[in-house]
Amino acid sequence: MSKYFGTDGFRGEANVDLTAEHAFRIGLFLGWYYGRNPRFKHPLDYKAKIVIGKDTRRSSYMFENAITAGIAAGGADAYLLHVTTTPSVAYVARTEGFDCGVMISASHNPFGDNGIKLINGNGEKMEDEVIDDVEAYLDGLFVPEGETSDGPWQVPLATGADIGCVIDHSAGRNRYVGYLISLATTSYKGMRVGLDCSNGSTWQIAKSVFDALGAKTYVINNQPDGVNVNKNCGSTHIEGLQQLVKDELLDVGFAFDGDADRCLAVDENGKVVNGDEIMYVCAKYMQKKGTLGDTKVVTTIMSNFGLYKALDELGIGYEKTAVGDKYVYENMAANDHLIGGEQSGHIIFRKLATTGDGLITAIKVMQCILEQKTSLAKLTEGITMYPQVLKNVVVTDKDATMNDAAVLKARDEAAEKLGDTGRVLLRKSGTEPVLRVMAEAFDPREAEAAVDHMIDAMKQQGLFVRFK
C-alpha cells in the first residue's frame, strides 16, 4: 500500500494526481467487491450499500458523481449524504449497516486538491488488505480469488435489476446531528461561542448544533463557494477566530478544518489551545470524574514534550504511535484506551466515535468548561507547551541518513544535552525525500542548537542536499 492511498486516503491535485476516472474505477470496484464478489458468498439478491459524503470544494461534486456512477455500475446502491463531515460518514456507516463508506475530501488542503477516503462498515479507516486490492485493480494487477487472468481483470458490469440505485440519504446526516446534540451533558445557555467553519463541511452543521444547545453563536467562514475552503481560515489559519473571540468578548471559540475531523480551540483571552492541550484538559477531567481508569492517553511521536510533562504530573500514562490518527485509533482499539489524538486537532473519544471528530471534540471541551464552572484558560494552566524547532531537510537517501552512524551519534548527543528538559526527533516523510529534524526545549535556543547539531552531521557525511 502507498502508491495511491496514504494514511488518510488517496489525495492529490484534482484532475492531475486524482482524476474522475480514478473515482469511477474505485466506485466500480467497491460496488463489485462488496456486492457481487464470490468470496463473500452473499445471497443472489444481495445488494451492497455504500454511503458517500463530500466536502465543499468544487471538484467534490465531480468526484461524487463519478464514484456514484461506478458504485451503481458495479452493482451496489449508493447513498448520498451530500455535503457533510468525514466523521458523519463513519457514524452513518457503523450505525446503519452499510458495507463501507466513502468521503470525498482533501481535509485541510487547499481547494485545488481533493481526496477519496475509504471507511469500513465499522466506521474505521479501511483495512489495508482492501486498500491493497483497490490499488492492485487501479494498476490492472487484481485477480479475484480462484481465477487466473492473462491481462488486466475487468469488473463485470451489473445489468438489468442488478444495477445499483442512487439514493438521497440526507436523513443519515440529520441523525448524526441529532447524535451530536445528544452528547451534551448540560445546556450552553449563557455561553458566547465562536465557530470558524473553514468554508467547509461544518458550514451548516456546527451552528445548528450549538444553537440547539442554547449557545449564542458567532460564526465566520460559513459561506463556501467551492474555491474558498480552508483559505486563510479554519484550524490551519486560526488568526481570524482569535480576533473574533477578542472583538466579541466570547467565552470560547472552535475552528474546524475542511472535513471537520480536526478541531482547535481559542480560549477567552484569544490564545490558541491545540490538540495536545485539548487532550490534557479532557484527560484531566476524565481522571477527576473517575472515567479514565487505568487507561492511557494515546499520542503520536509529534506531540509536544510539554504534554508528557503535564501528564506525568497528573500520574496519567501515555502511549506514542506513528504520525496519523489511523495509528492512534489502532492503538486505542487494541489496548482499550479511551482518548487519543494529534497536536493538529484530530482527537478521538473512542466510546463516542471511531475517528477524529471536530464537533465531538468541541462538545467535550464545552463539557469540561461548564461542568467545572471555569474557563478554558484556567483549564490549560497546568500544561506548558515547549518551544519547538522543526526543519525539513532534503537528503540524498532517507534510509541511509536515518541509519548513518555519525547522524545517529549527533542525535544521541543532542538528546543527552537536553536531558529531561526537552527531546529530539528525527523521522522520515512518508511521501518526499525529506527528513523532519525536530527538537523541543524550554529554551528555544537550545532546541535550535539541537536541530542544527543533527543537520551539521548530515552535511559532514555528504547526505544533506538542501532545506525544504
# chains A, B, ... in the order shown; residues from 1 in each chain; ligands from 1
>>> residues_around(residues="Leu180 (chain A)", least_positions_apart="2", cutoff="8 Å", atoms="only C-alpha atoms", output="PyMOL selection string")
chain A and resi 176-178+182-184+209+359-360
>>> residues_around(residues="region 127-133 of chain A", least_positions_apart="5", cutoff="10 Å", atoms="only C-alpha atoms", output="list in words")
Met1, Ser2, Lys3, Tyr4, Phe5, Gly6, Thr7, Gly9, Phe10, Phe29, Leu30, Tyr33, Leu118, Ile119, Asn120, Leu138, Asp139, Leu141, Phe142, Val143 and Pro144 of chain A
>>> write_last_selection(atoms="C-alpha atoms", output="compact mmCIF listing (two decimals), in the first residue's frame")
# COMPACT_ATOMS: atom_id res chain seq x y z
CA MET A 1 0.00 0.00 0.00
CA SER A 2 1.03 3.61 -0.63
CA LYS A 3 1.19 4.15 -4.38
CA TYR A 4 -2.18 5.91 -4.28
CA PHE A 5 -3.51 5.72 -0.74
CA GLY A 6 -1.69 7.16 2.25
CA THR A 7 -2.74 7.04 5.89
CA GLY A 9 -6.88 8.30 1.68
CA PHE A 10 -6.00 8.87 -1.97
CA PHE A 29 -14.50 -1.91 -7.81
CA LEU A 30 -16.17 -1.22 -4.45
CA TYR A 33 -16.22 -6.06 -4.19
CA LEU A 118 -12.47 4.78 2.42
CA ILE A 119 -14.21 3.72 5.64
CA ASN A 120 -15.20 0.17 6.57
CA LEU A 138 -6.20 0.53 -10.44
CA ASP A 139 -2.88 -0.82 -11.73
CA LEU A 141 -2.98 -6.28 -11.30
CA PHE A 142 -6.00 -7.50 -9.34
CA VAL A 143 -7.18 -11.06 -9.89
CA PRO A 144 -10.13 -12.41 -7.85
>>> closest_atom_pairs(of="region 342-414 of chain A", to="region 421-430 of chain A", cutoff="10 Å", atoms="only C-alpha atoms", output="JSON lines")
{"residue": "A:Tyr386", "atom": "CA", "partner": "A:Gly422", "partner_atom": "CA", "distance": 7.8}
{"residue": "A:Pro387", "atom": "CA", "partner": "A:Gly422", "partner_atom": "CA", "distance": 9.4}
{"residue": "A:Gln388", "atom": "CA", "partner": "A:Gly422", "partner_atom": "CA", "distance": 9.5}
{"residue": "A:Val389", "atom": "CA", "partner": "A:Val424", "partner_atom": "CA", "distance": 9.6}
{"residue": "A:Leu390", "atom": "CA", "partner": "A:Leu425", "partner_atom": "CA", "distance": 9.2}
{"residue": "A:Asn392", "atom": "CA", "partner": "A:Ser429", "partner_atom": "CA", "distance": 9.0}
{"residue": "A:Val393", "atom": "CA", "partner": "A:Lys428", "partner_atom": "CA", "distance": 9.8}
{"residue": "A:Val394", "atom": "CA", "partner": "A:Ser429", "partner_atom": "CA", "distance": 9.9}
{"residue": "A:Lys398", "atom": "CA", "partner": "A:Lys428", "partner_atom": "CA", "distance": 6.6}
{"residue": "A:Asp399", "atom": "CA", "partner": "A:Lys428", "partner_atom": "CA", "distance": 8.1}
{"residue": "A:Thr401", "atom": "CA", "partner": "A:Lys428", "partner_atom": "CA", "distance": 9.6}
{"residue": "A:Met402", "atom": "CA", "partner": "A:Leu426", "partner_atom": "CA", "distance": 7.7}
{"residue": "A:Val407", "atom": "CA", "partner": "A:Leu426", "partner_atom": "CA", "distance": 9.8}
{"residue": "A:Leu408", "atom": "CA", "partner": "A:Leu426", "partner_atom": "CA", "distance": 9.2}
{"residue": "A:Arg411", "atom": "CA", "partner": "A:Val424", "partner_atom": "CA", "distance": 7.2}
{"residue": "A:Asp412", "atom": "CA", "partner": "A:Val424", "partner_atom": "CA", "distance": 8.6}
{"residue": "A:Glu413", "atom": "CA", "partner": "A:Val424", "partner_atom": "CA", "distance": 10.0}
{"residue": "A:Ala414", "atom": "CA", "partner": "A:Val424", "partner_atom": "CA", "distance": 7.1}
>>> write_last_selection(atoms="N, CA and C atoms", output="tab-separated table (two decimals), in the first residue's frame")
chain	number	residue	atom	x	y	z
A	386	TYR	N	6.28	23.34	25.17
A	386	TYR	CA	7.69	23.66	24.99
A	386	TYR	C	7.91	24.22	23.58
A	387	PRO	N	8.75	25.25	23.43
A	387	PRO	CA	9.07	25.77	22.09
A	387	PRO	C	9.63	24.64	21.22
A	388	GLN	N	9.20	24.63	19.99
A	388	GLN	CA	9.60	23.57	19.06
A	388	GLN	C	10.30	24.17	17.85
A	389	VAL	N	11.38	23.55	17.44
A	389	VAL	CA	12.07	23.91	16.20
A	389	VAL	C	12.01	22.70	15.28
A	390	LEU	N	11.46	22.90	14.09
A	390	LEU	CA	11.34	21.82	13.11
A	390	LEU	C	11.91	22.30	11.79
A	392	ASN	N	12.82	20.89	7.82
A	392	ASN	CA	12.67	19.83	6.83
A	392	ASN	C	13.88	19.83	5.91
A	393	VAL	N	14.53	18.69	5.83
A	393	VAL	CA	15.80	18.59	5.11
A	393	VAL	C	15.68	17.59	3.97
A	394	VAL	N	15.98	18.04	2.75
A	394	VAL	CA	16.07	17.13	1.61
A	394	VAL	C	17.43	16.44	1.68
A	398	LYS	N	16.93	8.81	2.31
A	398	LYS	CA	16.32	8.88	3.63
A	398	LYS	C	16.79	7.76	4.55
A	399	ASP	N	16.73	6.54	4.05
A	399	ASP	CA	17.09	5.39	4.90
A	399	ASP	C	18.56	5.42	5.27
A	401	THR	N	20.46	8.01	5.54
A	401	THR	CA	20.69	9.09	6.50
A	401	THR	C	20.21	8.69	7.88
A	402	MET	N	19.03	8.05	7.93
A	402	MET	CA	18.46	7.63	9.23
A	402	MET	C	19.33	6.59	9.92
A	407	VAL	N	25.21	10.51	12.06
A	407	VAL	CA	23.94	11.20	12.27
A	407	VAL	C	23.28	10.70	13.56
A	408	LEU	N	23.30	9.39	13.76
A	408	LEU	CA	22.70	8.82	14.97
A	408	LEU	C	23.46	9.28	16.22
A	411	ARG	N	22.37	12.79	16.93
A	411	ARG	CA	21.03	12.77	17.54
A	411	ARG	C	21.11	12.43	19.02
A	412	ASP	N	21.88	11.39	19.34
A	412	ASP	CA	22.01	10.97	20.74
A	412	ASP	C	22.69	12.04	21.59
A	413	GLU	N	23.69	12.72	20.99
A	413	GLU	CA	24.38	13.79	21.72
A	413	GLU	C	23.42	14.94	22.02
A	414	ALA	N	22.60	15.28	21.03
A	414	ALA	CA	21.63	16.37	21.22
A	414	ALA	C	20.62	16.01	22.29
>>> closest_residue(among="A:Ala23, A:Asn109, A:Leu80, A:Val51", to="Glu96 (chain A)", atoms="only C-alpha atoms")
A:Val51
>>> closest_residue(among="A:Phe24, A:Asp196, A:Ile163, A:Gly315", to="Lys47 (chain A)", atoms="only C-alpha atoms")
A:Ile163
>>> residues_around(residues="Arg94 (chain A)", least_positions_apart="6", cutoff="10 Å", atoms="only C-alpha atoms", output="number ranges by chain")
A: 88, 100-101, 119-124, 353-354
>>> closest_residue(among="A:Gln460, A:Thr396, A:Ser170, A:Thr68", to="Lys49 (chain A)", atoms="only C-alpha atoms")
A:Thr68
>>> select_by_dssp(residues="region 220-409 of chain A", states="helix (DSSP H, G or I)", output="number ranges by chain")
A: 234-236, 239-247, 275-289, 305-314, 325-335, 358-371, 376-379, 398-402, 405-409
>>> closest_residue(among="A:Cys197, A:Ala447, A:Cys368, A:Ala73", to="Pro156 (chain A)", atoms="only C-alpha atoms")
A:Ala73
>>> residues_around(residues="region 292-309 of chain A", least_positions_apart="3", cutoff="6 Å", atoms="only C-alpha atoms", output="PyMOL selection string")
chain A and resi 286-287+312+317-323+337+339-341+343+384-386
>>> closest_residue(among="A:Lys125, A:Gly160, A:Ala265, A:His237", to="Val193 (chain A)", atoms="only C-alpha atoms")
A:Ala265
>>> atom_distance(atom1="CA of Ala260 (chain A)", atom2="CA of Gly358 (chain A)")
5.2 Å
>>> atom_distance(atom1="CA of Leu249 (chain A)", atom2="CA of Lys271 (chain A)")
12.8 Å
>>> residues_around(residues="Ala333 (chain A)", least_positions_apart="5", cutoff="9 Å", atoms="only C-alpha atoms", output="mmCIF file with N, CA and C atoms, in the first residue's frame")
data_model
loop_
_atom_site.group_PDB
_atom_site.id
_atom_site.type_symbol
_atom_site.label_atom_id
_atom_site.label_comp_id
_atom_site.auth_asym_id
_atom_site.auth_seq_id
_atom_site.Cartn_x
_atom_site.Cartn_y
_atom_site.Cartn_z
ATOM 1 N N VAL A 328 -3.234 6.098 15.861
ATOM 2 C CA VAL A 328 -3.747 6.401 17.198
ATOM 3 C C VAL A 328 -4.946 5.519 17.501
ATOM 4 N N LEU A 338 -9.163 5.223 25.959
ATOM 5 C CA LEU A 338 -10.384 5.994 25.757
ATOM 6 C C LEU A 338 -10.197 7.313 25.025
ATOM 7 N N ARG A 350 -12.955 7.328 22.026
ATOM 8 C CA ARG A 350 -13.274 6.031 21.421
ATOM 9 C C ARG A 350 -14.655 5.498 21.790
#
